[in-house]
Number of protein chains: 2
Amino acid sequence: MRADAQRNATKLRAAAAELFGERGLQVSLKEIARRAGVSHGTLYNLFGTREALIDEVVADLAAASLDEAAQAALACADPWEGFAGYVYRVCELQAVDPALGDVLNRRFPDASRLMSVCDRTFAAAAAIIDRAQRAGALRTDFTGEDLVLFLASHAPLARATATSQAWRRSVAFMLDGLRATAAHPLPAEPLPSDHMNHVLAGLTTTPRVEYGPPTNPNSTHN
Amino acid sequence: MRADAQRNATKLRAAAAELFGERGLQVSLKEIARRAGVSHGTLYNLFGTREALIDEVVADLAAASLDEAAQAALACADPWEGFAGYVYRVCELQAVDPALGDVLNRRFPDASRLMSVCDRTFAAAAAIIDRAQRAGALRTDFTGEDLVLFLASHAPLARATATSQAWRRSVAFMLDGLRATAAHPLPAEPLPSDHMNHVLAGLTTTPRVEYGPPTNPNSTHN
DNA sequence: AGAGAAGTTGACCGGGTAGTCAACTTGGCG
DNA sequence: CGCCAAGTTGACTACCCGGTCAACTTCTCT
């Protein structure tokens, strides 16, 4: 890669990081190019697709935040405090950084590094849940899928109430309902994990006729 | 109004009701006109703005559903069951009818009848909450604003999991946390009610630079 | 320095949205 | 039955979006 291309890629990554952090992962690619001060053609030339750009820009940051949160949760002496703190921490990340909110809400199947971050996070969450359940603190009918759905549906609220922190109340209510001592029988089965992707996709996008990419016949990329 | 105009208005109302119910209140006006089999110019001529159309088409239906739910809640002998049933019922309405979900999420300040439905619903919810709190069943630190935020942020989940009804679990967890017996101290103050509109606006729309209508210099309407 | 490869650019395509308005059609009254 | 106001139409403006590519510039190697 030529030196000027390298420079442009850096500028684009920086602009993307800024805009993703300000407005989420759905910002227009042309706007990213505009902010970076290069033509949008260059963006397409260097990254090919939005997902490739997201993967390069967001994956590491997301991994760092989420892994650290999981780490802290498991390191916590009290399994319930670990679990509760984890939920608060993740919601806080979503409130502060729209990009991170989108990582857990939207699906980016072609962003392989990001997807592995998601998988790792899901596994960590399962471990945190399991630990709290074994300690008898967390109700045993709560599943990892329930947590993912809660976090995903809660992200927009966290973002919208970031300054007032009103989202903390909502999390607190939910957590009070998740203690083993508060448990009452549940009215429905957990979401089958193979439905998760479909549901998450439907959470953020308004489904048109079915669900498919908007009209992307072929791409040169790279 | 001439007979043919009357007929077209009826067709447009019907088409709007269909599409609002299928895909929510943000469907393109041209698409509504297309389904009604008239030119979009006619839609603008007869209704002027999207909000006017929404107000005519959705207000009554929303009022009927929401009032009936509130009615049933207050008629319930057990105040807690009334409250819990109300939450389930409203979420069910949101799951089944995207238009109704949008009524509680989005803001339509120019749809006066709809706004009055919202006001009435909020008042009814406050009464339902109050009754359950006086009975000692619902925790006293739960406010009407908390309920509105919960319902608003929960609507997309309800819609996305309408078939599996997985949203019922999420509601159940929350309700278990709302019982007076489950209450633990809250980590944040309730959202000031004058912030509600701003927060609700931010919940569904991705804020650009500030918050304002997208570029609507002037309109002839009616 | 020169030439060829690598990279950049912005006009352009096809699609979408909201909204306007001159030219046309039609309902319905006298 | 004829006329005219009322109503309808679709081309038009002005914006977005993602994506492509021929023509141009610039880097870098010999």
# chains A, B, ... in the order shown; residues from 1 in each chain; ligands from 1

call {"tool": "interface_residues", "arguments": {"of": "chain C", "to": "chain B", "cutoff": "8 Å", "atoms": "only C-alpha atoms (C1' of nucleotides)", "output": "VMD selection string"}}
result
chain C and resid 17 19 27

call {"tool": "write_last_selection", "arguments": {"atoms": "N, CA and C atoms (P, O5', C5', C4', C3', O3' and C1' of nucleotides)", "output": "compact mmCIF listing (two decimals), in the first residue's frame"}}
result
# COMPACT_ATOMS: atom_id res chain seq x y z
P DT C 17 -40.05 5.86 -0.62
O5' DT C 17 -39.75 7.24 0.12
C5' DT C 17 -39.29 7.22 1.48
C4' DT C 17 -38.90 8.62 1.84
C3' DT C 17 -40.01 9.64 1.68
O3' DT C 17 -40.81 9.66 2.85
C1' DT C 17 -37.94 10.48 0.82
P DG C 19 -43.71 16.78 4.29
O5' DG C 19 -43.85 17.69 2.98
C5' DG C 19 -42.79 18.61 2.69
C4' DG C 19 -42.96 19.13 1.29
C3' DG C 19 -44.36 19.66 0.94
O3' DG C 19 -44.23 21.06 0.69
C1' DG C 19 -43.40 18.41 -0.83
P DG C 27 -66.98 12.18 -11.83
O5' DG C 27 -67.74 12.87 -10.63
C5' DG C 27 -66.97 13.44 -9.56
C4' DG C 27 -67.67 14.66 -8.99
C3' DG C 27 -69.17 14.50 -8.76
O3' DG C 27 -69.44 15.13 -7.52
C1' DG C 27 -68.77 16.34 -10.22

call {"tool": "interface_residues", "arguments": {"of": "chain D", "to": "chain A", "cutoff": "10 Å", "atoms": "only C-alpha atoms (C1' of nucleotides)", "output": "ChimeraX atom specification"}}
result
/D:16-21,26-28

call {"tool": "write_last_selection", "arguments": {"atoms": "N, CA and C atoms (P, O5', C5', C4', C3', O3' and C1' of nucleotides)", "output": "PDB file, in the first residue's frame"}}
result
ATOM      1  P    DC D  16     -28.687  17.074   1.981  1.00  0.00           P
ATOM      2  O5'  DC D  16     -29.091  15.681   2.606  1.00  0.00           O
ATOM      3  C5'  DC D  16     -28.471  14.548   2.070  1.00  0.00           C
ATOM      4  C4'  DC D  16     -29.311  13.350   2.370  1.00  0.00           C
ATOM      5  C3'  DC D  16     -28.564  12.071   2.072  1.00  0.00           C
ATOM      6  O3'  DC D  16     -27.865  11.686   3.237  1.00  0.00           O
ATOM      7  C1'  DC D  16     -30.683  12.010   1.022  1.00  0.00           C
ATOM      8  P    DC D  17     -26.371  11.198   3.117  1.00  0.00           P
ATOM      9  O5'  DC D  17     -26.572   9.654   2.815  1.00  0.00           O
ATOM     10  C5'  DC D  17     -27.557   8.929   3.542  1.00  0.00           C
ATOM     11  C4'  DC D  17     -27.921   7.690   2.742  1.00  0.00           C
ATOM     12  C3'  DC D  17     -26.729   6.981   2.137  1.00  0.00           C
ATOM     13  O3'  DC D  17     -26.201   6.089   3.108  1.00  0.00           O
ATOM     14  C1'  DC D  17     -28.489   7.173   0.534  1.00  0.00           C
ATOM     15  P    DG D  18     -24.727   5.554   2.978  1.00  0.00           P
ATOM     16  O5'  DG D  18     -24.869   4.485   1.802  1.00  0.00           O
ATOM     17  C5'  DG D  18     -25.649   3.330   2.022  1.00  0.00           C
ATOM     18  C4'  DG D  18     -25.634   2.488   0.764  1.00  0.00           C
ATOM     19  C3'  DG D  18     -24.230   2.001   0.411  1.00  0.00           C
ATOM     20  O3'  DG D  18     -24.320   0.633   0.032  1.00  0.00           O
ATOM     21  C1'  DG D  18     -25.139   3.258  -1.394  1.00  0.00           C
ATOM     22  P    DG D  19     -22.980  -0.218  -0.132  1.00  0.00           P
ATOM     23  O5'  DG D  19     -22.572   0.053  -1.654  1.00  0.00           O
ATOM     24  C5'  DG D  19     -23.541  -0.237  -2.658  1.00  0.00           C
ATOM     25  C4'  DG D  19     -23.067   0.278  -3.986  1.00  0.00           C
ATOM     26  C3'  DG D  19     -21.585   0.037  -4.309  1.00  0.00           C
ATOM     27  O3'  DG D  19     -21.522  -0.821  -5.447  1.00  0.00           O
ATOM     28  C1'  DG D  19     -22.301   2.216  -4.947  1.00  0.00           C
ATOM     29  P    DT D  20     -20.159  -1.352  -6.054  1.00  0.00           P
ATOM     30  O5'  DT D  20     -19.988  -0.399  -7.333  1.00  0.00           O
ATOM     31  C5'  DT D  20     -21.051  -0.355  -8.279  1.00  0.00           C
ATOM     32  C4'  DT D  20     -20.615   0.468  -9.486  1.00  0.00           C
ATOM     33  C3'  DT D  20     -19.230   0.149 -10.042  1.00  0.00           C
ATOM     34  O3'  DT D  20     -19.355   0.102 -11.457  1.00  0.00           O
ATOM     35  C1'  DT D  20     -19.376   2.456  -9.586  1.00  0.00           C
ATOM     36  P    DC D  21     -18.267  -0.665 -12.343  1.00  0.00           P
ATOM     37  O5'  DC D  21     -17.551   0.538 -13.130  1.00  0.00           O
ATOM     38  C5'  DC D  21     -18.338   1.620 -13.613  1.00  0.00           C
ATOM     39  C4'  DC D  21     -17.409   2.747 -14.056  1.00  0.00           C
ATOM     40  C3'  DC D  21     -16.002   2.291 -14.422  1.00  0.00           C
ATOM     41  O3'  DC D  21     -15.554   3.079 -15.504  1.00  0.00           O
ATOM     42  C1'  DC D  21     -15.864   3.901 -12.738  1.00  0.00           C
ATOM     43  P    DT D  26      -1.660  16.046  -7.639  1.00  0.00           P
ATOM     44  O5'  DT D  26      -0.837  14.830  -7.021  1.00  0.00           O
ATOM     45  C5'  DT D  26      -1.519  13.892  -6.213  1.00  0.00           C
ATOM     46  C4'  DT D  26      -0.655  12.657  -6.048  1.00  0.00           C
ATOM     47  C3'  DT D  26       0.822  12.947  -5.776  1.00  0.00           C
ATOM     48  O3'  DT D  26       1.209  12.029  -4.791  1.00  0.00           O
ATOM     49  C1'  DT D  26       0.642  11.398  -7.492  1.00  0.00           C
ATOM     50  P    DC D  27       2.289  12.532  -3.686  1.00  0.00           P
ATOM     51  O5'  DC D  27       2.927  11.132  -3.258  1.00  0.00           O
ATOM     52  C5'  DC D  27       2.062  10.022  -3.083  1.00  0.00           C
ATOM     53  C4'  DC D  27       2.667   8.776  -3.731  1.00  0.00           C
ATOM     54  C3'  DC D  27       4.100   8.468  -3.327  1.00  0.00           C
ATOM     55  O3'  DC D  27       4.090   7.176  -2.741  1.00  0.00           O
ATOM     56  C1'  DC D  27       3.815   8.230  -5.657  1.00  0.00           C
ATOM     57  P    DT D  28       5.265   6.739  -1.720  1.00  0.00           P
ATOM     58  O5'  DT D  28       6.191   5.866  -2.664  1.00  0.00           O
ATOM     59  C5'  DT D  28       5.588   4.853  -3.463  1.00  0.00           C
ATOM     60  C4'  DT D  28       6.555   4.378  -4.536  1.00  0.00           C
ATOM     61  C3'  DT D  28       8.031   4.353  -4.122  1.00  0.00           C
ATOM     62  O3'  DT D  28       8.588   3.197  -4.660  1.00  0.00           O
ATOM     63  C1'  DT D  28       7.805   5.465  -6.145  1.00  0.00           C
TER      64       DT D  28
END

call {"tool": "closest_atom_pairs", "arguments": {"of": "chain A", "to": "chain B", "cutoff": "8 Å", "atoms": "only C-alpha atoms", "output": "CSV"}}
result
residue,atom,partner,partner_atom,distance
A:Arg23,CA,B:Thr206,CA,6.9
A:Asp146,CA,B:Ser170,CA,7.2
A:Leu149,CA,B:Leu157,CA,7.7
A:Phe150,CA,B:Ser170,CA,7.2
A:Ser153,CA,B:Leu157,CA,6.0
A:His154,CA,B:Ser153,CA,6.4
A:Pro156,CA,B:Leu203,CA,5.6
A:Leu157,CA,B:Ser153,CA,6.0
A:Arg159,CA,B:Leu203,CA,7.8
A:Ala160,CA,B:Gly202,CA,5.3
A:Thr161,CA,B:Val199,CA,6.4
A:Ser164,CA,B:Leu191,CA,6.9
A:Gln165,CA,B:Ala188,CA,6.7
A:Ala166,CA,B:Leu191,CA,5.7
A:Arg168,CA,B:Ala188,CA,6.1
A:Arg169,CA,B:Ala188,CA,5.8
A:Ser170,CA,B:Phe150,CA,7.2
A:Ala172,CA,B:Leu186,CA,6.3
A:Phe173,CA,B:Gly177,CA,5.0
A:Met174,CA,B:Met174,CA,4.8
A:Leu175,CA,B:Gly177,CA,6.8
A:Asp176,CA,B:Gly177,CA,4.3
A:Gly177,CA,B:Gly177,CA,3.3
A:Leu178,CA,B:Phe173,CA,6.2
A:Thr181,CA,B:Ala182,CA,7.7
A:Ala182,CA,B:Ala182,CA,5.6
A:Ala183,CA,B:Asp176,CA,6.4
A:His184,CA,B:Asp176,CA,6.7
A:Leu186,CA,B:Arg169,CA,6.0
A:Pro187,CA,B:Arg168,CA,6.2
A:Ala188,CA,B:Arg169,CA,5.8
A:Glu189,CA,B:Ala166,CA,6.7
A:Pro190,CA,B:Ala166,CA,6.1
A:Leu191,CA,B:Ala166,CA,5.7
A:Val199,CA,B:Ala160,CA,5.4
A:Leu200,CA,B:Ala160,CA,7.6
A:Gly202,CA,B:Ala160,CA,5.3
A:Leu203,CA,B:Pro156,CA,5.6
A:Thr204,CA,B:Pro156,CA,7.7
A:Thr206,CA,B:Arg23,CA,7.0
A:Pro207,CA,B:Arg23,CA,7.5
A:Arg208,CA,B:Arg23,CA,7.6

call {"tool": "closest_residue", "arguments": {"among": "D:DC24, D:DC1, D:DA6, D:DA14", "to": "DT26 of chain C", "atoms": "only C-alpha atoms (C1' of nucleotides)"}}
result
D:DA6

call {"tool": "select_by_dssp", "arguments": {"residues": "chain A", "states": "alpha helix (DSSP H)", "output": "VMD selection string"}}
result
chain A and resid 3 to 23 29 to 36 40 to 47 50 to 75 79 to 96 98 to 105 112 to 134 144 to 160 167 to 178 196 to 204

call {"tool": "residues_around", "arguments": {"residues": "Leu61 of chain A", "least_positions_apart": "2", "cutoff": "12 Å", "atoms": "only C-alpha atoms (C1' of nucleotides)", "output": "PyMOL selection string"}}
result
chain A and resi 17+20-21+54-59+63-68+93+97+99-100+103+113-114+117

call {"tool": "closest_residue", "arguments": {"among": "B:Arg34, B:Thr163, B:Ala16, B:Asp194", "to": "Ala95 of chain B", "atoms": "only C-alpha atoms"}}
result
B:Thr163

call {"tool": "residues_around", "arguments": {"residues": "segment 127-130 of chain A", "least_positions_apart": "4", "cutoff": "8 Å", "atoms": "only C-alpha atoms (C1' of nucleotides)", "output": "list in words"}}
result
Ala70, Ala73, Leu74, Pro79, Gly82, Phe83, Ala123, Arg134, Leu138, Thr143 and Gly144 of chain A
